[in-house]
>>> print(open('protein-v1.tsv').read())   # TSV, C-alpha atoms
chain	number	residue	atom	x	y	z
A	4	ASP	CA	18.23	-9.13	4.32
A	5	ALA	CA	14.80	-9.92	5.71
A	6	GLY	CA	11.92	-7.90	4.38
A	7	VAL	CA	8.92	-6.81	6.36
A	8	THR	CA	7.61	-9.57	8.60
A	9	GLN	CA	4.24	-9.82	10.30
A	10	SER	CA	2.79	-12.14	12.90
A	11	PRO	CA	0.59	-14.00	13.21
A	12	THR	CA	-0.35	-15.04	9.68
A	13	HIS	CA	-3.94	-15.81	10.54
A	14	LEU	CA	-6.09	-15.03	13.54
A	15	ILE	CA	-9.66	-15.81	14.52
A	16	LYS	CA	-11.32	-13.74	17.24
A	17	THR	CA	-14.79	-13.27	18.66
A	18	ARG	CA	-16.74	-10.01	18.68
A	19	GLY	CA	-15.81	-7.83	21.61
A	20	GLN	CA	-12.35	-9.30	22.04
A	21	GLN	CA	-9.07	-7.48	21.64
A	22	VAL	CA	-6.25	-8.32	19.23
A	23	THR	CA	-2.60	-7.38	18.81
A	24	LEU	CA	-0.77	-7.68	15.51
A	25	ARG	CA	2.97	-7.36	15.15
A	26	CYS	CA	5.30	-6.06	12.48
A	27	SER	CA	9.07	-5.92	12.02
A	28	PRO	CA	10.19	-3.44	9.35
A	29	LYS	CA	12.73	-4.03	6.64
A	30	SER	CA	16.26	-3.57	7.90
A	31	GLY	CA	17.22	0.09	7.97
A	32	HIS	CA	13.68	1.44	7.69
A	33	ASP	CA	12.47	3.84	10.35
A	34	THR	CA	8.80	4.34	9.55
A	35	VAL	CA	5.93	1.89	9.86
A	36	SER	CA	2.45	2.31	8.45
A	37	TRP	CA	-0.56	0.07	8.97
A	38	TYR	CA	-3.33	-0.59	6.46
A	39	GLN	CA	-6.62	-2.46	6.51
A	40	GLN	CA	-7.59	-4.27	3.33
A	41	ALA	CA	-11.12	-5.58	3.28
A	42	LEU	CA	-11.99	-8.29	0.77
A	43	GLY	CA	-12.09	-6.88	-2.75
A	44	GLN	CA	-10.91	-3.44	-1.65
A	45	GLY	CA	-7.73	-1.42	-1.75
A	46	PRO	CA	-5.68	-0.91	1.41
A	47	GLN	CA	-7.02	1.80	3.73
A	48	PHE	CA	-4.49	3.80	5.74
A	49	ILE	CA	-4.85	3.36	9.49
A	50	PHE	CA	-1.83	5.22	10.89
A	51	GLN	CA	1.89	5.84	10.57
A	52	TYR	CA	4.58	5.66	13.25
A	53	TYR	CA	7.95	7.35	13.33
A	54	GLU	CA	10.26	7.78	16.30
A	55	GLU	CA	7.77	5.90	18.46
A	56	GLU	CA	4.99	8.40	17.86
A	57	GLU	CA	1.86	8.33	15.75
A	58	ARG	CA	2.43	10.90	13.01
A	59	GLN	CA	-0.55	10.52	10.71
A	60	ARG	CA	-3.91	8.83	11.13
A	61	GLY	CA	-6.61	7.78	8.72
A	62	ASN	CA	-10.35	7.63	9.36
A	63	PHE	CA	-10.34	4.86	11.93
A	64	PRO	CA	-11.90	4.96	15.42
A	65	ASP	CA	-9.93	5.07	18.63
A	66	ARG	CA	-10.45	1.33	18.99
A	67	PHE	CA	-7.46	1.12	16.67
A	68	SER	CA	-4.22	2.01	18.42
A	69	GLY	CA	-0.59	1.28	17.90
A	70	HIS	CA	2.89	1.43	19.21
A	71	GLN	CA	6.40	1.63	17.82
A	72	PHE	CA	9.37	0.32	19.75
A	73	PRO	CA	12.96	1.64	19.81
A	74	ASN	CA	13.99	-1.07	17.33
A	75	TYR	CA	11.35	0.32	14.93
A	76	SER	CA	9.06	-2.70	15.19
A	77	SER	CA	5.40	-1.96	15.69
A	78	GLU	CA	2.15	-3.30	17.05
A	79	LEU	CA	-1.43	-2.68	15.99
A	80	ASN	CA	-4.07	-3.12	18.67
A	81	VAL	CA	-7.78	-3.34	18.02
A	82	ASN	CA	-10.22	-3.30	20.93
A	83	ALA	CA	-13.87	-4.31	21.07
A	84	LEU	CA	-13.69	-6.18	17.78
A	85	LEU	CA	-16.57	-5.90	15.34
A	86	LEU	CA	-17.49	-8.24	12.51
A	87	GLY	CA	-16.52	-5.43	10.13
A	88	ASP	CA	-12.95	-5.53	11.40
A	89	SER	CA	-12.42	-8.78	9.51
A	90	ALA	CA	-9.76	-7.99	6.92
A	91	LEU	CA	-6.16	-8.41	5.86
A	92	TYR	CA	-3.99	-6.08	7.93
A	93	LEU	CA	-0.87	-4.94	6.15
A	94	CYS	CA	2.22	-3.40	7.62
A	95	ALA	CA	4.50	-1.30	5.44
A	96	SER	CA	7.89	0.17	6.21
A	97	SER	CA	9.93	2.89	4.55
A	98	PHE	CA	12.43	5.68	5.08
A	99	LEU	CA	11.01	8.99	6.23
A	100	ARG	CA	13.78	11.05	4.69
A	101	LEU	CA	13.45	13.09	1.50
A	102	GLN	CA	9.80	13.87	2.13
A	103	GLY	CA	8.57	10.42	1.49
A	104	ARG	CA	10.20	9.80	-1.87
A	105	TYR	CA	10.94	6.24	-0.88
A	106	GLU	CA	8.42	3.54	-1.67
A	107	GLN	CA	6.91	1.43	1.05
A	108	TYR	CA	7.73	-2.23	1.46
A	109	PHE	CA	4.81	-4.39	2.54
A	110	GLY	CA	4.65	-7.44	4.70
A	111	PRO	CA	2.54	-10.48	3.79
A	112	GLY	CA	-0.24	-9.36	6.10
A	113	THR	CA	-2.26	-10.82	8.95
A	114	ARG	CA	-5.67	-12.22	8.05
A	115	LEU	CA	-8.05	-11.39	10.90
A	116	THR	CA	-11.43	-13.08	11.04
A	117	VAL	CA	-13.97	-11.87	13.61
A	118	THR	CA	-16.85	-14.24	14.34
B	20	ALA	CA	-8.12	15.47	0.23
B	21	GLN	CA	-6.33	13.13	-2.12
B	22	SER	CA	-7.94	10.32	-4.07
B	23	VAL	CA	-7.13	7.72	-6.67
B	24	ALA	CA	-9.49	6.17	-9.20
B	25	GLN	CA	-9.00	2.93	-11.05
B	26	PRO	CA	-11.98	2.88	-13.38
B	27	GLU	CA	-11.69	-0.76	-14.43
B	28	ASP	CA	-12.37	-3.54	-11.96
B	29	GLN	CA	-10.91	-6.06	-14.39
B	30	VAL	CA	-8.80	-5.98	-17.54
B	31	ASN	CA	-8.50	-8.99	-19.81
B	32	VAL	CA	-5.69	-9.23	-22.34
B	33	ALA	CA	-4.29	-12.00	-24.51
B	34	GLU	CA	-0.79	-13.22	-23.79
B	35	GLY	CA	1.73	-11.34	-25.92
B	36	ASN	CA	-0.52	-8.32	-26.40
B	37	PRO	CA	0.18	-4.94	-24.84
B	38	LEU	CA	-1.64	-4.13	-21.63
B	39	THR	CA	-2.78	-0.91	-19.97
B	40	VAL	CA	-4.17	-0.51	-16.47
B	41	LYS	CA	-5.66	2.93	-15.92
B	42	CYS	CA	-5.24	5.25	-12.94
B	43	THR	CA	-6.29	8.85	-12.37
B	44	TYR	CA	-5.66	10.91	-9.27
B	45	SER	CA	-6.89	14.02	-7.53
B	46	VAL	CA	-4.58	15.96	-5.21
B	47	SER	CA	-3.78	19.51	-4.21
B	48	GLY	CA	-0.09	19.77	-4.93
B	49	ASN	CA	2.47	17.75	-6.81
B	50	PRO	CA	1.97	14.04	-6.26
B	51	TYR	CA	4.22	11.10	-5.78
B	52	LEU	CA	2.63	8.18	-7.63
B	53	PHE	CA	3.15	4.46	-7.17
B	54	TRP	CA	2.06	1.15	-8.65
B	55	TYR	CA	1.94	-2.04	-6.60
B	56	VAL	CA	0.99	-5.60	-7.52
B	57	GLN	CA	-0.67	-8.12	-5.22
B	58	TYR	CA	-0.78	-11.85	-5.77
B	59	PRO	CA	-3.41	-13.98	-3.98
B	60	ASN	CA	-2.97	-14.11	-0.20
B	61	ARG	CA	0.16	-11.98	-0.41
B	62	GLY	CA	1.20	-8.47	0.52
B	63	LEU	CA	1.79	-5.73	-2.01
B	64	GLN	CA	4.93	-5.63	-4.12
B	65	PHE	CA	6.33	-2.35	-5.40
B	66	LEU	CA	6.49	-2.01	-9.21
B	67	LEU	CA	7.45	1.60	-9.94
B	68	LYS	CA	7.08	5.19	-8.86
B	69	TYR	CA	6.98	8.70	-10.22
B	70	ILE	CA	8.59	11.37	-8.07
B	71	THR	CA	9.83	13.98	-10.52
B	72	GLY	CA	11.59	14.23	-13.85
B	73	ASP	CA	10.91	12.10	-16.90
B	74	ASN	CA	7.20	11.42	-17.32
B	75	LEU	CA	7.86	7.86	-18.49
B	76	VAL	CA	8.89	5.65	-15.60
B	77	LYS	CA	10.26	2.15	-15.98
B	78	GLY	CA	9.86	-0.44	-13.26
B	79	SER	CA	10.08	-4.09	-12.39
B	80	TYR	CA	9.12	-7.04	-14.62
B	81	GLY	CA	9.02	-4.90	-17.79
B	82	PHE	CA	6.28	-2.57	-16.56
B	83	GLU	CA	6.27	1.15	-17.21
B	84	ALA	CA	3.95	4.03	-16.47
B	85	GLU	CA	3.41	7.45	-17.93
B	86	PHE	CA	2.71	10.47	-15.75
B	87	ASN	CA	0.37	12.93	-17.45
B	88	LYS	CA	-0.12	16.05	-15.36
B	89	SER	CA	-2.74	17.67	-17.60
B	90	GLN	CA	-4.91	14.56	-17.52
B	91	THR	CA	-3.97	13.71	-13.90
B	92	SER	CA	-3.28	10.17	-14.98
B	93	PHE	CA	-0.63	7.55	-14.29
B	94	HIS	CA	-1.48	4.53	-16.44
B	95	LEU	CA	0.47	1.31	-16.08
B	96	LYS	CA	1.65	-0.34	-19.29
B	97	LYS	CA	3.56	-3.34	-20.58
B	98	PRO	CA	4.39	-4.03	-24.25
B	99	SER	CA	3.81	-7.78	-24.08
B	100	ALA	CA	1.70	-9.43	-21.38
B	101	LEU	CA	2.62	-12.70	-19.71
B	102	VAL	CA	0.26	-15.16	-18.04
B	103	SER	CA	2.30	-14.67	-14.88
B	104	ASP	CA	1.31	-10.97	-14.87
B	105	SER	CA	-2.20	-11.99	-13.83
B	106	ALA	CA	-2.72	-10.36	-10.45
B	107	LEU	CA	-4.33	-7.42	-8.68
B	108	TYR	CA	-2.79	-4.02	-9.40
B	109	PHE	CA	-3.05	-0.96	-7.19
B	110	CYS	CA	-2.27	2.65	-7.97
B	111	ALA	CA	-1.37	4.88	-5.02
B	112	VAL	CA	-0.69	8.58	-4.43
B	113	ARG	CA	1.15	10.52	-1.76
B	114	VAL	CA	1.41	14.29	-1.49
B	115	PRO	CA	4.73	15.33	0.04
B	116	ASN	CA	5.04	17.92	2.75
B	117	SER	CA	7.90	19.37	4.69
B	118	GLY	CA	7.36	17.09	7.63
B	119	GLY	CA	7.47	13.96	5.57
B	120	TYR	CA	4.51	12.49	7.41
B	121	GLN	CA	1.84	11.79	4.91
B	122	LYS	CA	-0.50	8.97	4.20
B	123	VAL	CA	-0.60	6.99	1.01
B	124	THR	CA	-3.99	6.66	-0.63
B	125	PHE	CA	-4.67	3.56	-2.71
B	126	GLY	CA	-7.12	2.95	-5.49
B	127	THR	CA	-9.60	0.09	-5.34
B	128	GLY	CA	-7.49	-2.12	-7.54
B	129	THR	CA	-7.72	-3.62	-11.02
B	130	LYS	CA	-7.63	-7.34	-11.59
B	131	LEU	CA	-5.50	-8.17	-14.61
B	132	GLN	CA	-6.27	-11.44	-16.34
B	133	VAL	CA	-3.84	-12.52	-19.06
B	134	ILE	CA	-5.36	-15.18	-21.27
B	135	PRO	CA	-3.04	-17.83	-22.74
>>> encode(input="protein-v1.tsv", output="structure tokens")
Amino acid sequence: DAGVTQSPTHLIKTRGQQVTLRCSPKSGHDTVSWYQQALGQGPQFIFQYYEEEERQRGNFPDRFSGHQFPNYSSELNVNALLLGDSALYLCASSFLRLQGRYEQYFGPGTRLTVT
Amino acid sequence: AQSVAQPEDQVNVAEGNPLTVKCTYSVSGNPYLFWYVQYPNRGLQFLLKYITGDNLVKGSYGFEAEFNKSQTSFHLKKPSALVSDSALYFCAVRVPNSGGYQKVTFGTGTKLQVIP
């Protein structure tokens, strides 16, 4: 049973460009959340997707957007990249049922460097 | 708003000694609490969680944590540390609601260094 997978592993972009990161959840999971982890910091919640809709959002600008597909996989899009967007982007999947009693399973992350 | 505090940036402990990594939280409501571990250049791995019931929770790799409602704490413990336990540890909190959509808030992390 494959866990959470993310692609690409590493990415280098220039300021002002746009980037798309991809995530496939653990088999059977229906909810995907995205986090940004800057160097030396804890993960910061970006948003959560369930049934192809954004359900919760953290304090991130509209430059950060996402999508969830019918097979539960997800994409994170960041427009107009800033140097400060350089971070490890983590995808986590879980079950939504039982009011969130299930833990999240994390992917290995995508390391984004903006130059 | 919910928040998590991990007051120690780093904890050093000798191999074989007991270890404690501290976590306190602030929420309005009854929290779900989690501990995760992160090894270099890796994602987070789930260790244990407190949802309800017994205040002492046992998890993976011999770790346990004690939920203390009066002190709003959820400290991670292990009776005997191993060098392989050296990693970055994160405490996280989620406040449940009827919709089930709720964000998880993480602490800033504590680096555990186990000295041989």
>>> closest_residue(input="protein-v1.tsv", among="B:Val40, B:Leu107, B:Leu63, B:Val76", to="chain A", atoms="all atoms listed in the file")
B:Leu63
>>> closest_atom_pairs(input="protein-v1.tsv", of="chain A", to="chain B", cutoff="12 Å", atoms="all atoms listed in the file", output="Markdown table")
| residue | atom | partner | partner_atom | distance |
| --- | --- | --- | --- | --- |
| A:Gly6 | CA | B:Gln64 | CA | 11.2 |
| A:Val7 | CA | B:Gly62 | CA | 9.8 |
| A:Thr8 | CA | B:Gly62 | CA | 10.4 |
| A:Gln9 | CA | B:Gly62 | CA | 10.3 |
| A:Thr12 | CA | B:Asn60 | CA | 10.3 |
| A:His13 | CA | B:Asn60 | CA | 10.9 |
| A:Thr34 | CA | B:Tyr120 | CA | 9.5 |
| A:Val35 | CA | B:Tyr120 | CA | 11.0 |
| A:Ser36 | CA | B:Lys122 | CA | 8.4 |
| A:Trp37 | CA | B:Lys122 | CA | 10.1 |
| A:Tyr38 | CA | B:Val123 | CA | 9.7 |
| A:Gln39 | CA | B:Phe125 | CA | 11.2 |
| A:Gln40 | CA | B:Thr127 | CA | 9.9 |
| A:Ala41 | CA | B:Thr127 | CA | 10.4 |
| A:Leu42 | CA | B:Thr127 | CA | 10.6 |
| A:Gly43 | CA | B:Thr127 | CA | 7.8 |
| A:Gln44 | CA | B:Thr127 | CA | 5.3 |
| A:Gly45 | CA | B:Thr127 | CA | 4.3 |
| A:Pro46 | CA | B:Phe125 | CA | 6.2 |
| A:Gln47 | CA | B:Phe125 | CA | 7.1 |
| A:Phe48 | CA | B:Lys122 | CA | 6.7 |
| A:Ile49 | CA | B:Lys122 | CA | 8.9 |
| A:Phe50 | CA | B:Lys122 | CA | 7.8 |
| A:Gln51 | CA | B:Lys122 | CA | 7.5 |
| A:Tyr52 | CA | B:Tyr120 | CA | 9.0 |
| A:Tyr53 | CA | B:Tyr120 | CA | 8.6 |
| A:Glu54 | CA | B:Tyr120 | CA | 11.6 |
| A:Glu56 | CA | B:Tyr120 | CA | 11.2 |
| A:Glu57 | CA | B:Tyr120 | CA | 9.7 |
| A:Arg58 | CA | B:Tyr120 | CA | 6.2 |
| A:Gln59 | CA | B:Tyr120 | CA | 6.4 |
| A:Arg60 | CA | B:Lys122 | CA | 7.7 |
| A:Gly61 | CA | B:Lys122 | CA | 7.7 |
| A:Asn62 | CA | B:Lys122 | CA | 11.2 |
| A:Ala90 | CA | B:Asn60 | CA | 11.6 |
| A:Leu91 | CA | B:Asn60 | CA | 8.9 |
| A:Tyr92 | CA | B:Gly62 | CA | 9.4 |
| A:Leu93 | CA | B:Gly62 | CA | 7.0 |
| A:Cys94 | CA | B:Gly62 | CA | 8.8 |
| A:Ala95 | CA | B:Leu63 | CA | 9.1 |
| A:Ser96 | CA | B:Leu63 | CA | 11.8 |
| A:Ser97 | CA | B:Gly119 | CA | 11.4 |
| A:Phe98 | CA | B:Gly119 | CA | 9.7 |
| A:Leu99 | CA | B:Gly119 | CA | 6.1 |
| A:Arg100 | CA | B:Gly119 | CA | 7.0 |
| A:Leu101 | CA | B:Gly119 | CA | 7.3 |
| A:Gln102 | CA | B:Gly119 | CA | 4.2 |
| A:Gly103 | CA | B:Gly119 | CA | 5.5 |
| A:Arg104 | CA | B:Ile70 | CA | 6.6 |
| A:Tyr105 | CA | B:Lys68 | CA | 8.9 |
| A:Glu106 | CA | B:Phe65 | CA | 7.3 |
| A:Gln107 | CA | B:Phe65 | CA | 7.5 |
| A:Tyr108 | CA | B:Phe65 | CA | 7.0 |
| A:Phe109 | CA | B:Leu63 | CA | 5.6 |
| A:Gly110 | CA | B:Gly62 | CA | 5.5 |
| A:Pro111 | CA | B:Gly62 | CA | 4.1 |
| A:Gly112 | CA | B:Gly62 | CA | 5.8 |
| A:Thr113 | CA | B:Gly62 | CA | 9.4 |
| A:Arg114 | CA | B:Asn60 | CA | 8.9 |
>>> residues_near_point(input="protein-v1.tsv", point="(-13.5, -11.6, 26.5)", cutoff="12 Å", atoms="all atoms listed in the file", output="list in words")
Lys16, Thr17, Arg18, Gly19, Gln20, Gln21, Val22, Asn82, Ala83 and Leu84 of chain A
>>> residues_near_point(input="protein-v1.tsv", point="(0.0, -15.6, -14.8)", cutoff="10 Å", atoms="all atoms listed in the file", output="NGL selection string")
:B and (34 or 58 or 100-106 or 131-135)
>>> atom_distance(input="protein-v1.tsv", atom1="atom CA of Gln29 of chain B", atom2="atom CA of Tyr80 of chain B")
20.1 Å
>>> atom_distance(input="protein-v1.tsv", atom1="atom CA of Pro64 of chain A", atom2="atom CA of Thr116 of chain A")
18.6 Å
>>> atom_distance(input="protein-v1.tsv", atom1="atom CA of Leu14 of chain A", atom2="atom CA of Leu79 of chain A")
13.4 Å
>>> closest_residue(input="protein-v1.tsv", among="B:Val112, B:Pro37, B:Gly78, B:Leu95", to="Val23 of chain B", atoms="all atoms listed in the file")
B:Val112
>>> decode(input="protein-v1.tsv", residues="segment 69-97 of chain A", atoms="N, CA and C atoms", output="PDB file, in the first residue's frame")
ATOM      1  N   GLY A  69      -5.440  25.779  -5.051  1.00  0.00           N
ATOM      2  CA  GLY A  69      -5.312  24.333  -5.165  1.00  0.00           C
ATOM      3  C   GLY A  69      -6.457  23.705  -5.922  1.00  0.00           C
ATOM      4  N   HIS A  70      -6.359  22.405  -5.999  1.00  0.00           N
ATOM      5  CA  HIS A  70      -7.399  21.656  -6.692  1.00  0.00           C
ATOM      6  C   HIS A  70      -7.353  20.225  -6.174  1.00  0.00           C
ATOM      7  N   GLN A  71      -8.537  19.607  -6.102  1.00  0.00           N
ATOM      8  CA  GLN A  71      -8.594  18.179  -5.802  1.00  0.00           C
ATOM      9  C   GLN A  71      -9.363  17.492  -6.911  1.00  0.00           C
ATOM     10  N   PHE A  72      -8.874  16.380  -7.353  1.00  0.00           N
ATOM     11  CA  PHE A  72      -9.464  15.646  -8.462  1.00  0.00           C
ATOM     12  C   PHE A  72     -10.366  14.537  -7.941  1.00  0.00           C
ATOM     13  N   PRO A  73     -11.208  13.970  -8.823  1.00  0.00           N
ATOM     14  CA  PRO A  73     -12.127  12.903  -8.373  1.00  0.00           C
ATOM     15  C   PRO A  73     -11.424  11.710  -7.742  1.00  0.00           C
ATOM     16  N   ASN A  74     -10.178  11.458  -8.099  1.00  0.00           N
ATOM     17  CA  ASN A  74      -9.453  10.332  -7.489  1.00  0.00           C
ATOM     18  C   ASN A  74      -8.760  10.743  -6.187  1.00  0.00           C
ATOM     19  N   TYR A  75      -9.099  11.911  -5.679  1.00  0.00           N
ATOM     20  CA  TYR A  75      -8.620  12.468  -4.411  1.00  0.00           C
ATOM     21  C   TYR A  75      -7.219  13.075  -4.494  1.00  0.00           C
ATOM     22  N   SER A  76      -6.510  12.909  -5.581  1.00  0.00           N
ATOM     23  CA  SER A  76      -5.212  13.554  -5.697  1.00  0.00           C
ATOM     24  C   SER A  76      -5.393  15.064  -5.735  1.00  0.00           C
ATOM     25  N   SER A  77      -4.300  15.781  -5.529  1.00  0.00           N
ATOM     26  CA  SER A  77      -4.424  17.228  -5.366  1.00  0.00           C
ATOM     27  C   SER A  77      -3.229  17.944  -5.974  1.00  0.00           C
ATOM     28  N   GLU A  78      -3.444  19.188  -6.303  1.00  0.00           N
ATOM     29  CA  GLU A  78      -2.387  20.074  -6.768  1.00  0.00           C
ATOM     30  C   GLU A  78      -2.369  21.341  -5.937  1.00  0.00           C
ATOM     31  N   LEU A  79      -1.178  21.864  -5.737  1.00  0.00           N
ATOM     32  CA  LEU A  79      -0.987  23.171  -5.115  1.00  0.00           C
ATOM     33  C   LEU A  79      -0.347  24.059  -6.171  1.00  0.00           C
ATOM     34  N   ASN A  80      -0.947  25.198  -6.415  1.00  0.00           N
ATOM     35  CA  ASN A  80      -0.422  26.169  -7.365  1.00  0.00           C
ATOM     36  C   ASN A  80      -0.012  27.438  -6.639  1.00  0.00           C
ATOM     37  N   VAL A  81       1.150  27.940  -6.977  1.00  0.00           N
ATOM     38  CA  VAL A  81       1.584  29.219  -6.426  1.00  0.00           C
ATOM     39  C   VAL A  81       1.959  30.130  -7.587  1.00  0.00           C
ATOM     40  N   ASN A  82       1.307  31.282  -7.633  1.00  0.00           N
ATOM     41  CA  ASN A  82       1.578  32.263  -8.693  1.00  0.00           C
ATOM     42  C   ASN A  82       2.497  33.364  -8.186  1.00  0.00           C
ATOM     43  N   ALA A  83       3.123  34.054  -9.144  1.00  0.00           N
ATOM     44  CA  ALA A  83       3.946  35.224  -8.816  1.00  0.00           C
ATOM     45  C   ALA A  83       4.885  34.934  -7.656  1.00  0.00           C
ATOM     46  N   LEU A  84       5.720  33.939  -7.822  1.00  0.00           N
ATOM     47  CA  LEU A  84       6.583  33.467  -6.743  1.00  0.00           C
ATOM     48  C   LEU A  84       7.462  34.576  -6.169  1.00  0.00           C
ATOM     49  N   LEU A  85       7.586  34.518  -4.848  1.00  0.00           N
ATOM     50  CA  LEU A  85       8.453  35.421  -4.095  1.00  0.00           C
ATOM     51  C   LEU A  85       9.587  34.619  -3.476  1.00  0.00           C
ATOM     52  N   LEU A  86      10.676  35.308  -3.145  1.00  0.00           N
ATOM     53  CA  LEU A  86      11.786  34.614  -2.491  1.00  0.00           C
ATOM     54  C   LEU A  86      11.312  33.916  -1.220  1.00  0.00           C
ATOM     55  N   GLY A  87      10.391  34.546  -0.525  1.00  0.00           N
ATOM     56  CA  GLY A  87       9.876  34.011   0.740  1.00  0.00           C
ATOM     57  C   GLY A  87       9.038  32.759   0.582  1.00  0.00           C
ATOM     58  N   ASP A  88       8.725  32.394  -0.649  1.00  0.00           N
ATOM     59  CA  ASP A  88       7.972  31.157  -0.869  1.00  0.00           C
ATOM     60  C   ASP A  88       8.879  29.931  -0.843  1.00  0.00           C
ATOM     61  N   SER A  89      10.169  30.139  -0.768  1.00  0.00           N
ATOM     62  CA  SER A  89      11.110  29.026  -0.690  1.00  0.00           C
ATOM     63  C   SER A  89      10.849  28.247   0.599  1.00  0.00           C
ATOM     64  N   ALA A  90      10.578  26.973   0.472  1.00  0.00           N
ATOM     65  CA  ALA A  90      10.212  26.161   1.631  1.00  0.00           C
ATOM     66  C   ALA A  90      10.039  24.715   1.199  1.00  0.00           C
ATOM     67  N   LEU A  91       9.791  23.862   2.202  1.00  0.00           N
ATOM     68  CA  LEU A  91       9.382  22.489   1.954  1.00  0.00           C
ATOM     69  C   LEU A  91       7.854  22.478   1.982  1.00  0.00           C
ATOM     70  N   TYR A  92       7.249  22.004   0.928  1.00  0.00           N
ATOM     71  CA  TYR A  92       5.783  21.942   0.863  1.00  0.00           C
ATOM     72  C   TYR A  92       5.349  20.510   1.111  1.00  0.00           C
ATOM     73  N   LEU A  93       4.553  20.346   2.141  1.00  0.00           N
ATOM     74  CA  LEU A  93       4.114  19.029   2.572  1.00  0.00           C
ATOM     75  C   LEU A  93       2.644  18.819   2.264  1.00  0.00           C
ATOM     76  N   CYS A  94       2.357  17.643   1.779  1.00  0.00           N
ATOM     77  CA  CYS A  94       0.986  17.217   1.561  1.00  0.00           C
ATOM     78  C   CYS A  94       0.659  16.175   2.618  1.00  0.00           C
ATOM     79  N   ALA A  95      -0.534  16.238   3.156  1.00  0.00           N
ATOM     80  CA  ALA A  95      -0.971  15.259   4.146  1.00  0.00           C
ATOM     81  C   ALA A  95      -2.360  14.771   3.794  1.00  0.00           C
ATOM     82  N   SER A  96      -2.602  13.480   3.970  1.00  0.00           N
ATOM     83  CA  SER A  96      -3.927  12.947   3.696  1.00  0.00           C
ATOM     84  C   SER A  96      -4.493  12.274   4.936  1.00  0.00           C
ATOM     85  N   SER A  97      -5.808  12.169   4.967  1.00  0.00           N
ATOM     86  CA  SER A  97      -6.487  11.570   6.115  1.00  0.00           C
ATOM     87  C   SER A  97      -7.908  11.227   5.734  1.00  0.00           C
TER      88      SER A  97
END
